[in-house]
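To keep things clear, I will list the structure first and then write my remarks on it.
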Amino acid sequence: MPDIAYQYRGGLVDQIHWGHIVAADHSGKILWYWGDPTRVIFARSAAKPIQAIPVVESGAAEAFGITDDELAVICASHNGEPVHIQAVARILEKAGLSADSLRCGAEYPMYVPAEDALKKAGEPRRPIYCDCSGKHAGMLLTARHLGESLDSYDQPEHPVQKRITSTILDVCGTGPEELSTAIDGCGVPVHALPLYRFAQGYARMSMPDLFPAGRAQAVRRITGAMTANPYMVAGAERICTYLMEHFGDRLFCKSGASAFYAIGLKCRGIGIAVKLEDGASSLIPYVLLRVLYSMEVISADELAGLTEYQDMNIYNNHHTPVGRTELVFHLQPGESGN
């Protein structure tokens, strides 16, 4: 089993977390790995920056005057803080749409303080509060611009979804024979590929000039919008925000549900994809920082300075340490590792 971390309670191992890590270059060569880099896995929301490409490539973003902070929220799994909700509302307004057009499901924000504030105000669940409302707004924007149906944009056979699937395959350097699809939590198609293919996709996005001019321009704008507006991609207390605020000159990144994560190393043609099999998303920040340090993307001094992620103790309800988390993986060289 490719163990990633042990969680101790007292002196006994209480939980064992296992999963897969891969770093690949833009051609799909596996540079570093742990576990099975070919494991077929749903990228979940880590695919959102790729799903946003048609919004820009189609001309919809330009036609409706979408700003970079709004484009970042189209790529987001946002907290549902007021700044996020306001951005989604602006996107819809620019296209002459209302929040009633969103088909992502009525939810409260994923960020507890934002959820509590709405409940205190007596506000019900609404689709615009869903963490995927930005992505859905982008889909609606493209459909509106291209004169396509707005009522069924979430269905697999809709041109919006077919366009997204084609884009994912192209960006990840593969064909339909490797693709599996299902339905995500927000009701739209979700895509599964071998883990290293998603790393390859982020690697290709890190070097936009690998694409034809139109797609290169779209990729460049999307990754630039994300790193210039990291708070819009996630929000308070989120590792996406944290990494791009600290290292946005070196990387762009995006989380996916159930402990999936992807990172593109800017201008290096290298992508990283991580999946914890038990969905332990709380461990993802520690895993990512260890990977980035092991690959010399961040230095020992930088790692030590990230105080928010130095404490790996496990606490009880009285905030007394009762255990600890220990990372146990060691990246192995792949085809071109050193």
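Labels for the structure tokens follow display order: chains A, B, ..., residues from 1 in each chain, ligands from 1.
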Give one line per residue of region 160-249 of chain A that approaches region 55-65 of chain A to at most 10 Å, naming the two atoms of the closest pair and their distance in Å to one decimal, counting only C-alpha atoms; sort by chain then ascending residue number and deliver it as JSON lines.
```
{"residue": "A:Val160", "atom": "CA", "partner": "A:Val55", "partner_atom": "CA", "distance": 9.6}
{"residue": "A:Ile164", "atom": "CA", "partner": "A:Val55", "partner_atom": "CA", "distance": 9.7}
{"residue": "A:Gly214", "atom": "CA", "partner": "A:Glu57", "partner_atom": "CA", "distance": 6.4}
{"residue": "A:Arg215", "atom": "CA", "partner": "A:Glu57", "partner_atom": "CA", "distance": 6.2}
{"residue": "A:Ala216", "atom": "CA", "partner": "A:Glu57", "partner_atom": "CA", "distance": 9.1}
{"residue": "A:Gln217", "atom": "CA", "partner": "A:Glu57", "partner_atom": "CA", "distance": 8.0}
{"residue": "A:Ala218", "atom": "CA", "partner": "A:Val56", "partner_atom": "CA", "distance": 5.4}
{"residue": "A:Val219", "atom": "CA", "partner": "A:Val56", "partner_atom": "CA", "distance": 8.5}
{"residue": "A:Arg221", "atom": "CA", "partner": "A:Val56", "partner_atom": "CA", "distance": 8.2}
{"residue": "A:Ile222", "atom": "CA", "partner": "A:Val56", "partner_atom": "CA", "distance": 8.1}
```
(message) Excluding Glu123 (chain A) and its own-chain neighbours fewer than 5 positions away, which residues fall within 12 Å of it when counting only C-alpha atoms? Please give them as a list in words.
(response)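 Selected residues are Ala106, Glu107, Tyr108, Pro109, Ala114, Glu115, Asp116, Ala117, Leu118 and Tyr129 of chain A.
Distances here use only C-alpha atoms; by that measure, the residue among A:Leu251, A:Ile298, A:Met244, A:Ala24 closest to Ile270 (chain A) is A:Ala24.
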(request) Might you pull out every residue within 12 Å of Ser206 (chain A), with only C-alpha atoms counted and same-chain residues fewer than 6 positions away left off, and present them as a ChimeraX atom specification? (result) /A:24-26,49-50,171,199-200,216,219-224,248-253,262-272
(request) Find the residues near region 27-33 of chain A: any atom within 7 Å, counting only C-alpha atoms, skip ones fewer than 3 places away on the same chain, and give them as a PyMOL selection string. (result) chain A and resi 21-24+37+196-197+200+331-337
To test your reading of the structure, identify every residue in region 34-126 of chain A that backbone DSSP assigns to alpha helix (DSSP H), and report it as a PDB file with C-alpha atoms, in the first residue's frame.
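What landed in states.pdb:
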```
ATOM      1  CA  LYS A  48     -12.100  23.994 -13.214  1.00  0.00           C
ATOM      2  CA  PRO A  49      -9.184  26.002 -14.678  1.00  0.00           C
ATOM      3  CA  ILE A  50      -9.372  23.747 -17.735  1.00  0.00           C
ATOM      4  CA  GLN A  51     -13.168  23.964 -17.838  1.00  0.00           C
ATOM      5  CA  ILE A  53     -10.783  27.732 -21.132  1.00  0.00           C
ATOM      6  CA  PRO A  54     -13.869  27.767 -23.419  1.00  0.00           C
ATOM      7  CA  VAL A  55     -15.210  30.816 -21.549  1.00  0.00           C
ATOM      8  CA  VAL A  56     -12.196  32.781 -22.768  1.00  0.00           C
ATOM      9  CA  GLU A  57     -11.493  30.921 -26.008  1.00  0.00           C
ATOM     10  CA  ALA A  60     -17.553  35.097 -24.141  1.00  0.00           C
ATOM     11  CA  ALA A  61     -15.273  36.593 -21.487  1.00  0.00           C
ATOM     12  CA  GLU A  62     -14.330  39.488 -23.747  1.00  0.00           C
ATOM     13  CA  ALA A  63     -17.844  40.013 -25.089  1.00  0.00           C
ATOM     14  CA  ASP A  68      -9.725  38.935 -13.989  1.00  0.00           C
ATOM     15  CA  ASP A  69     -11.198  38.654 -10.494  1.00  0.00           C
ATOM     16  CA  GLU A  70     -14.437  37.400 -12.049  1.00  0.00           C
ATOM     17  CA  LEU A  71     -12.504  34.937 -14.203  1.00  0.00           C
ATOM     18  CA  ALA A  72     -10.749  33.686 -11.073  1.00  0.00           C
ATOM     19  CA  VAL A  73     -14.104  32.952  -9.428  1.00  0.00           C
ATOM     20  CA  ILE A  74     -15.154  31.032 -12.565  1.00  0.00           C
ATOM     21  CA  PRO A  82     -19.664  38.041   0.190  1.00  0.00           C
ATOM     22  CA  VAL A  83     -16.819  38.917  -2.209  1.00  0.00           C
ATOM     23  CA  HIS A  84     -17.363  35.626  -4.044  1.00  0.00           C
ATOM     24  CA  ILE A  85     -21.132  35.880  -4.210  1.00  0.00           C
ATOM     25  CA  GLN A  86     -20.906  39.450  -5.483  1.00  0.00           C
ATOM     26  CA  ALA A  87     -18.507  38.388  -8.256  1.00  0.00           C
ATOM     27  CA  VAL A  88     -20.794  35.552  -9.409  1.00  0.00           C
ATOM     28  CA  ALA A  89     -23.766  37.932  -9.390  1.00  0.00           C
ATOM     29  CA  ARG A  90     -21.821  40.411 -11.558  1.00  0.00           C
ATOM     30  CA  ILE A  91     -20.961  37.713 -14.085  1.00  0.00           C
ATOM     31  CA  LEU A  92     -24.595  36.703 -14.429  1.00  0.00           C
ATOM     32  CA  GLU A  93     -25.769  40.325 -14.631  1.00  0.00           C
ATOM     33  CA  LYS A  94     -23.308  41.065 -17.430  1.00  0.00           C
ATOM     34  CA  VAL A 112     -18.715  28.097   8.152  1.00  0.00           C
ATOM     35  CA  PRO A 113     -18.633  31.808   9.174  1.00  0.00           C
ATOM     36  CA  ALA A 114     -20.347  32.730   5.887  1.00  0.00           C
ATOM     37  CA  GLU A 115     -22.908  29.963   6.406  1.00  0.00           C
ATOM     38  CA  ASP A 116     -23.565  31.082   9.974  1.00  0.00           C
ATOM     39  CA  ALA A 117     -24.048  34.707   8.888  1.00  0.00           C
ATOM     40  CA  LEU A 118     -26.692  33.713   6.328  1.00  0.00           C
ATOM     41  CA  LYS A 119     -28.526  31.451   8.760  1.00  0.00           C
ATOM     42  CA  LYS A 120     -28.530  34.208  11.389  1.00  0.00           C
TER      43      LYS A 120
END
```
(request) Please return as a PyMOL selection string: the residues of region 106-325 of chain A that backbone DSSP assigns to strand (DSSP E or B). (result) chain A and resi 107+126+180-183+189-194+251-256+260-265+270-276+313-315+321-325
Which region 3-65 of chain A residues have any atom within 10 Å of an atom of region 273-282 of chain A, and for each, what is the nearest pair of atoms with distance in Å to one decimal, counting only C-alpha atoms, rows sorted by chain and number, as a tab-separated table?
```
residue	atom	partner	partner_atom	distance
A:Asp3	CA	A:Leu276	CA	9.5
A:Ile4	CA	A:Leu276	CA	7.9
A:Ala5	CA	A:Leu276	CA	9.8
A:Ile16	CA	A:Asp278	CA	9.4
A:His17	CA	A:Asp278	CA	6.7
A:Trp18	CA	A:Leu276	CA	5.9
A:Gly19	CA	A:Leu276	CA	4.2
A:His20	CA	A:Lys275	CA	5.3
A:Ile21	CA	A:Val274	CA	4.5
A:Val22	CA	A:Ala273	CA	5.5
A:Ala23	CA	A:Ala273	CA	6.6
A:Ala24	CA	A:Ala273	CA	8.5
A:Tyr33	CA	A:Ala273	CA	9.5
A:Trp34	CA	A:Val274	CA	9.4
A:Gly35	CA	A:Lys275	CA	9.8
A:Pro37	CA	A:Ala273	CA	8.8
A:Arg39	CA	A:Lys275	CA	9.5
A:Ile41	CA	A:Lys275	CA	8.0
A:Phe42	CA	A:Lys275	CA	9.4
A:Ala43	CA	A:Lys275	CA	8.9
A:Ala46	CA	A:Ala273	CA	9.4
```
Keeping only N, CA, C and O atoms, write the selected residues to a file as a short mmCIF file (atom, residue, chain, number, x, y, z; two decimals), in the first residue's frame.
```cif
data_model
loop_
_atom_site.label_atom_id
_atom_site.label_comp_id
_atom_site.auth_asym_id
_atom_site.auth_seq_id
_atom_site.Cartn_x
_atom_site.Cartn_y
_atom_site.Cartn_z
N ASP A 3 1.51 4.15 1.44
CA ASP A 3 1.16 4.96 2.60
C ASP A 3 1.67 6.39 2.42
O ASP A 3 2.80 6.61 2.01
N ILE A 4 0.81 7.35 2.74
CA ILE A 4 1.15 8.77 2.66
C ILE A 4 1.42 9.33 4.06
O ILE A 4 2.36 10.09 4.26
N ALA A 5 0.58 8.97 5.03
CA ALA A 5 0.71 9.53 6.37
C ALA A 5 0.16 8.56 7.40
O ALA A 5 -0.77 7.79 7.13
N ILE A 16 -4.16 5.15 9.03
CA ILE A 16 -3.18 5.11 7.96
C ILE A 16 -3.84 5.67 6.71
O ILE A 16 -4.91 5.21 6.29
N HIS A 17 -3.22 6.70 6.13
CA HIS A 17 -3.75 7.34 4.93
C HIS A 17 -2.85 6.98 3.75
O HIS A 17 -1.63 7.13 3.85
N TRP A 18 -3.45 6.52 2.67
CA TRP A 18 -2.64 6.16 1.52
C TRP A 18 -3.19 6.81 0.26
O TRP A 18 -4.33 7.26 0.22
N GLY A 19 -2.33 6.90 -0.72
CA GLY A 19 -2.73 7.59 -1.95
C GLY A 19 -1.61 7.61 -2.96
O GLY A 19 -0.68 6.79 -2.92
N HIS A 20 -1.68 8.59 -3.86
CA HIS A 20 -0.80 8.62 -5.02
C HIS A 20 -0.37 10.06 -5.30
O HIS A 20 -1.16 11.00 -5.17
N ILE A 21 0.87 10.20 -5.71
CA ILE A 21 1.45 11.50 -6.05
C ILE A 21 2.23 11.33 -7.35
O ILE A 21 2.95 10.34 -7.51
N VAL A 22 2.10 12.29 -8.26
CA VAL A 22 2.89 12.22 -9.47
C VAL A 22 3.26 13.63 -9.93
O VAL A 22 2.45 14.55 -9.83
N ALA A 23 4.49 13.77 -10.39
CA ALA A 23 4.93 14.97 -11.11
C ALA A 23 5.28 14.52 -12.51
O ALA A 23 6.05 13.57 -12.70
N ALA A 24 4.68 15.20 -13.50
CA ALA A 24 4.92 14.84 -14.90
C ALA A 24 5.25 16.09 -15.69
O ALA A 24 4.89 17.21 -15.29
N TYR A 33 7.20 10.16 -8.48
CA TYR A 33 5.91 9.57 -8.15
C TYR A 33 5.97 8.89 -6.78
O TYR A 33 7.05 8.61 -6.23
N TRP A 34 4.80 8.61 -6.25
CA TRP A 34 4.61 7.76 -5.08
C TRP A 34 3.26 7.08 -5.26
O TRP A 34 2.28 7.74 -5.63
N GLY A 35 3.21 5.79 -5.09
CA GLY A 35 1.97 5.08 -5.36
C GLY A 35 1.83 4.76 -6.83
O GLY A 35 2.81 4.45 -7.52
N PRO A 37 0.91 6.18 -10.37
CA PRO A 37 0.62 7.38 -11.17
C PRO A 37 -0.37 7.13 -12.29
O PRO A 37 -0.85 8.08 -12.92
N ARG A 39 -3.26 5.44 -11.80
CA ARG A 39 -4.58 5.24 -11.18
C ARG A 39 -5.58 6.20 -11.81
O ARG A 39 -5.35 7.41 -11.87
N ILE A 41 -8.58 8.49 -11.90
CA ILE A 41 -9.16 9.24 -10.80
C ILE A 41 -9.93 10.44 -11.34
O ILE A 41 -9.51 11.07 -12.30
N PHE A 42 -11.04 10.74 -10.70
CA PHE A 42 -11.79 11.96 -11.02
C PHE A 42 -11.06 13.18 -10.46
O PHE A 42 -10.74 13.23 -9.27
N ALA A 43 -10.82 14.16 -11.32
CA ALA A 43 -10.14 15.38 -10.88
C ALA A 43 -11.05 16.29 -10.09
O ALA A 43 -10.58 17.21 -9.43
N ALA A 46 -10.59 20.24 -9.42
CA ALA A 46 -9.27 20.61 -9.93
C ALA A 46 -9.29 20.80 -11.44
O ALA A 46 -8.36 21.36 -12.01
#
```
(request) For each of A:Val233, A:Leu140, A:Ile168, A:Met226, take the minimum atom-to-atom distance to Gly201 (chain A), counting only C-alpha atoms, then give the residue where this is smallest. (result)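 Answer, going by the shortest atom-to-atom distance: A:Ile168.
Between Leu283 (chain A) and the residues A:Ala304, A:Ala137, A:Leu179, A:Ile314, the shortest atom-to-atom distance, using only C-alpha atoms, involves A:Ile314.
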(message) Residues near Cys104 (chain A), anyone? I mean within 7 Å using only C-alpha atoms, not counting same-chain ones fewer than 3 positions away, as a list in words.
(response) Pro127, Cys130, Cys132, Ser133, His136, Cys186 and Gly187 of chain A
(request) Tell me which protein, DNA and RNA residues are within 8 Å of Ser77 (chain A), counting only C-alpha atoms, leaving out same-chain ones fewer than 2 positions away, and put them as a PyMOL selection string. (result) chain A and resi 45+73+75+79+131-132+134+233-234+255
(request) Could you jot down the CA of Thr38 (chain A) to CA of Pro176 (chain A) separation for me, Å, one decimal place? (result) 15.7 Å
